[in-house]
Amino acid sequence: MSNKKNEKVMKDLKKKLKNKIIDIAQPREKRIYIRVEPEKTPEVVEYLFYKYQCKLCTATGIDMREGIEIIYHLAKEDKNMVINVKTLIPYSKLEIESIGKKIKAFRWIEREINEMLGVTFIGHPDMRRLILADSFPEGKYPLRKSFKNSDVTDEDYDYERSGI
Amino acid sequence: MKQTIIPLGPYHPLLEEPEHFKLYVEGERVVDLDVEIGYNHRGIEKLSESKTWDQVPYLVERICGICSTSHPMAYCLAVEDLVGCEISKRAQLIRVVVCELERIHSHLLWVGLAGHFIGYNTVWMWAWKYRETILEICEKLTGNRNHYAMFKPGGIRRDFNKEQIEYALEHIVDVEKPIRMLTDAILDDPVIHKRLKGIGVLTKKDAIDYSALGPTSRGSGVPWDVRWDEPLDGFKDLKWKVIVQKDGDVFSKGVVRLLECFESVSLIKQALLNLPEGEAIDVDIKEVPQGEGCGRYEAPRGEVFHYVRSDGSNMPYRHKVRAPTFNNLPTFKASCRGETIADVALITASIDPCYCCTERVAVVDKNNNEKILREKDLVKLSVDKTNGIMKKLGKTPPLYNMEI
Amino acid sequence: MDILKKSFKKSIWVFHLSTAACNNCDIEVLELLTPRYDVERFGIKLVGSPRHADALLVCGSVNAHAKPRFLEVYRQTPKPCLVVAFGSCGCSSGIFRDSYSIVGPVDKVLKEEDPDAKIVYIPGCPPKPEAMIEGIIKGLEAI
């Protein structure tokens, strides 16, 4: 049995975003999941951040068989709701427009997804490595399913690049 | 105008975690700040994928030593969101007790460190001395001073017996009086007012743009607190309020933390006095079906967010962890601009950074003339500024200044 | 050498180093200075530079980012020095053993640089403050 007030949020979003999203679901009282095409994602997320006054919790990148799925988790605190915007980016073209170029809150998390999974964020102002060491070998993405923990050992680190 | 780069090297004796800061300064004023993180990176999200659902709380506890219960709490909430199960009232209230104990000890830790940065070493010693009482209560209730291993998806691992509850209720009162004393001393001191007020201001707009969390945002007038916004059933019957201050400077953030300690003490007393008897402490989750779940909890530093995705097997397919400092660290860019170098140590401490949760920040300085200032030098600059203010107000600066 | 050995018995100056740690051990180290345990009465104090240190207290296991810096700090510490591998992470990498990011526990990384390094192991997650004091004293007696 879902709360009447919370279904209102889903209906409201469905009406306002109707031709920009693929579908929207509310499996539990406080969680809404919206699926969007990669091209339309920045528009939907910016709408939710500014007009709908949500805050950014974080963004998750998941390596699925068909491509990399990025989920932006936004929270609408006064309505007690977490709105998750999902998009699937195919391996053939691993890029998406950056939201960080406009909204400061997204900058760091996009850097992290870039270095951990290899997704390019077009237009990001500062795409340096964030948490991996400078000496970590290039071209390897730790959070991909094809990468095992034993793939990188001490010998693979290029300590010259760390500048000491 | 010439700009200088001041790299602050990774190892500083007091800031336990390594961080690399590069400050861009023009003369005495900071123009820009870059933060480099990654020194504490241990690959936890990848390790989660090779542990079973029950083993992950042990791993996740060790993300951070100070927010040691918030991470397993958020993870358990995420799994319970996925599975869709209800936890017993007794387990929920015990969870509240453990989490609030952690909040008090974390805020007292911060008070001590902030006191050290401005040169009030007595504040440091006293705050940590009273923190020991809290750690003893934790040890009596859970078995360890930190890393309690109390939570699991579905409930808690161990129950409290009558003796432990009486001990806790008796000793929690011992902590309230010293916190009151510290709060009054800090709120009344004119030197601290001059030192902390108006420094490192984070405006309300910036706090929202960066999605700052915890006392960092509540000090700037943004009332986000996950315990209020997404209340667990355990909190619904408890009386408490969210502390918000308007000015956004280091002083406001400190006041928010001190006043929250009192709220936490009240919550612990209410929870321990209202524990229902005879309920089971856990729900036996036999299988985690396919699906996804989000869990959020309010750590001492802000909102902790965990996301889990399951493909039906006995290990998570994906486990995402986001600690509050990840959102708070970029706010340095906004709050340090225009401040003097002497204040930078304080401003960086005011967001109460937990680098091990985030993996380090480095600050970059923008000039051609490189000058290396160690963290010790920054702290000394800060302490010298305090002594200068004390002399102006006609007070004597403390004689004994520790070497650290 | 005898004078050195004798001087090691008293007033150890310790440099604290944190490499890829969860910070819990670091806080416990600082707690030793606070009034409850107060190691300053033994003359043990934390110093600001490795060049003044008699003992290096390493918390956490070593990751790739920290490895070159840790070895550099070790080189700067005047010998003989005592290296204390603190906590489960320092002794054996603990629960993070299998990670791609962890290069090794303290002794594995240090033996590459100096096979004769003197290391004291204090296990625990985190070790109790009493265990820490006892560990350091045992290490001093062994030198």
# chains A, B, ... in the order shown; residues from 1 in each chain; ligands from 1
$ interface_residues --of "chain C" --to "chain A" --cutoff "8 Å" --atoms "only C-alpha atoms" --output "VMD selection string"
chain C and resid 64 to 65 68 to 69 98 to 100 103
$ interface_residues --of "chain B" --to "chain A" --cutoff "7 Å" --atoms "only C-alpha atoms" --output "list in words"
Glu36, Ile37, Gly38, His41, Lys46, Asp209, Tyr210, Ser211, Asp229, Glu230, Phe305, Arg318, Lys320, Arg322 and Glu359 of chain B
$ interface_residues --of "chain C" --to "chain B" --cutoff "6 Å" --atoms "only C-alpha atoms" --output "list in words"
Ser18, Ala20, Cys22, Asn23, Asn24, Asp26, Thr34, Val47, Gly48, His65, Ser99 and Ser101 of chain C
$ write_last_selection --atoms "C-alpha atoms" --output "PDB file, in the first residue's frame"
ATOM      1  CA  SER C  18      49.511   7.020   8.221  1.00  0.00           C
ATOM      2  CA  ALA C  20      45.979   3.984   3.613  1.00  0.00           C
ATOM      3  CA  CYS C  22      41.009   3.862   8.306  1.00  0.00           C
ATOM      4  CA  ASN C  23      42.175   6.415  10.815  1.00  0.00           C
ATOM      5  CA  ASN C  24      41.102   4.457  13.842  1.00  0.00           C
ATOM      6  CA  ASP C  26      45.713   7.093  14.257  1.00  0.00           C
ATOM      7  CA  THR C  34      45.560  12.550  26.391  1.00  0.00           C
ATOM      8  CA  VAL C  47      57.576  14.967  16.718  1.00  0.00           C
ATOM      9  CA  GLY C  48      56.952  16.967  13.618  1.00  0.00           C
ATOM     10  CA  HIS C  65      50.115   6.245  -3.697  1.00  0.00           C
ATOM     11  CA  SER C  99      42.707  -5.401  -3.059  1.00  0.00           C
ATOM     12  CA  SER C 101      45.235  -0.967  -4.538  1.00  0.00           C
TER      13      SER C 101
END
$ atom_distance --atom1 "atom CA of B:Leu141" --atom2 "atom CA of B:Glu263"
20.1 Å
$ atom_distance --atom1 "atom CA of B:Tyr24" --atom2 "atom CA of B:Cys336"
10.5 Å
$ select_by_dssp --residues "stretch 63-132 of chain A" --states "helix (DSSP H, G or I)" --output "list in words"
Glu77, Asp78, Lys79, Tyr91, Ser92, Lys93, Lys104, Ala105, Phe106, Arg107, Trp108, Ile109, Glu110, Arg111, Glu112, Ile113, Asn114, Glu115, Met116 and Leu117 of chain A
$ write_last_selection --atoms "C-alpha atoms" --output "short mmCIF file (atom, residue, chain, number, x, y, z; two decimals), in the first residue's frame"
data_model
loop_
_atom_site.label_atom_id
_atom_site.label_comp_id
_atom_site.auth_asym_id
_atom_site.auth_seq_id
_atom_site.Cartn_x
_atom_site.Cartn_y
_atom_site.Cartn_z
CA GLU A 77 14.26 16.00 1.11
CA ASP A 78 10.97 17.73 1.77
CA LYS A 79 9.02 14.95 0.05
CA TYR A 91 30.21 -0.14 -25.09
CA SER A 92 30.39 0.93 -28.71
CA LYS A 93 30.17 4.59 -27.73
CA LYS A 104 29.57 21.92 -9.39
CA ALA A 105 28.21 19.07 -7.28
CA PHE A 106 28.67 16.58 -10.16
CA ARG A 107 32.30 17.28 -10.96
CA TRP A 108 34.07 14.90 -8.65
CA ILE A 109 31.78 11.95 -9.11
CA GLU A 110 32.13 12.17 -12.89
CA ARG A 111 35.91 12.08 -12.52
CA GLU A 112 35.61 8.96 -10.40
CA ILE A 113 33.34 7.16 -12.88
CA ASN A 114 35.71 8.10 -15.67
CA GLU A 115 38.77 6.58 -14.05
CA MET A 116 37.06 3.53 -12.59
CA LEU A 117 34.95 2.52 -15.58
#
$ residues_around --residues "A:Tyr52" --least-positions-apart "6" --cutoff "10 Å" --atoms "only C-alpha atoms" --output "number ranges by chain"
A: 13, 45-46, 76
$ write_last_selection --atoms "C-alpha atoms" --output "PDB file, in the first residue's frame"
ATOM      1  CA  LEU A  13       7.180  13.827 -12.741  1.00  0.00           C
ATOM      2  CA  VAL A  45      18.911  15.627 -14.169  1.00  0.00           C
ATOM      3  CA  GLU A  46      19.258  19.407 -14.449  1.00  0.00           C
ATOM      4  CA  LYS A  76      14.047  15.412  -2.620  1.00  0.00           C
TER       5      LYS A  76
END
$ atom_distance --atom1 "atom CA of C:Val73" --atom2 "atom CA of B:Ile118"
27.6 Å
$ residues_around --residues "B:Val242" --least-positions-apart "3" --cutoff "9 Å" --atoms "only C-alpha atoms" --output "compact mmCIF listing (two decimals) with C-alpha atoms, in the first residue's frame"
# COMPACT_ATOMS: atom_id res chain seq x y z
CA ARG B 218 23.49 23.03 8.56
CA PRO B 223 18.51 22.10 7.13
CA TRP B 224 19.35 18.74 5.57
CA ASP B 225 19.46 15.92 8.09
CA ARG B 227 17.37 11.39 10.39
CA TRP B 228 14.62 13.95 9.93
CA GLU B 260 24.01 18.25 18.46
CA GLU B 263 20.40 16.17 21.25
$ residues_around --residues "B:Pro289" --least-positions-apart "3" --cutoff "12 Å" --atoms "only C-alpha atoms" --output "ChimeraX atom specification"
/B:53,79-84,285-286,292-293,308-317
$ closest_residue --among "B:Asn327, B:Glu176, B:Gly291, B:Thr348" --to "A:Tyr33" --atoms "only C-alpha atoms"
B:Gly291
$ select_by_dssp --residues "stretch 92-138 of chain C" --states "strand (DSSP E or B)" --output "MDAnalysis selection string"
chainID C and resid 102:104 118:122
$ residues_around --residues "C:Leu57" --least-positions-apart "6" --cutoff "6 Å" --atoms "only C-alpha atoms" --output "list in words"
His16, Leu17 and Val84 of chain C
$ write_last_selection --atoms "C-alpha atoms" --output "mmCIF file, in the first residue's frame"
data_model
loop_
_atom_site.group_PDB
_atom_site.id
_atom_site.type_symbol
_atom_site.label_atom_id
_atom_site.label_comp_id
_atom_site.auth_asym_id
_atom_site.auth_seq_id
_atom_site.Cartn_x
_atom_site.Cartn_y
_atom_site.Cartn_z
ATOM 1 C CA HIS C 16 53.509 9.027 13.276
ATOM 2 C CA LEU C 17 52.806 8.052 9.688
ATOM 3 C CA VAL C 84 56.246 -0.097 14.563
#
$ residues_around --residues "B:His107" --least-positions-apart "4" --cutoff "9 Å" --atoms "only C-alpha atoms" --output "PDB file with C-alpha atoms, in the first residue's frame"
ATOM      1  CA  GLU B 102      29.363   7.512  17.883  1.00  0.00           C
ATOM      2  CA  ARG B 103      28.086  10.965  17.048  1.00  0.00           C
ATOM      3  CA  VAL B 111      36.229  20.013  19.285  1.00  0.00           C
ATOM      4  CA  GLY B 112      39.594  18.815  20.511  1.00  0.00           C
ATOM      5  CA  GLY B 254      31.287  24.393  15.671  1.00  0.00           C
ATOM      6  CA  ARG B 257      28.302  20.212  16.437  1.00  0.00           C
ATOM      7  CA  LEU B 258      28.281  21.119  20.118  1.00  0.00           C
ATOM      8  CA  GLU B 260      24.014  18.246  18.458  1.00  0.00           C
ATOM      9  CA  CYS B 261      25.825  16.465  21.266  1.00  0.00           C
ATOM     10  CA  PRO B 300      28.533  12.758  12.273  1.00  0.00           C
ATOM     11  CA  ARG B 301      29.866  14.416   9.124  1.00  0.00           C
ATOM     12  CA  ASP B 352      35.597  17.780   9.787  1.00  0.00           C
TER      13      ASP B 352
END
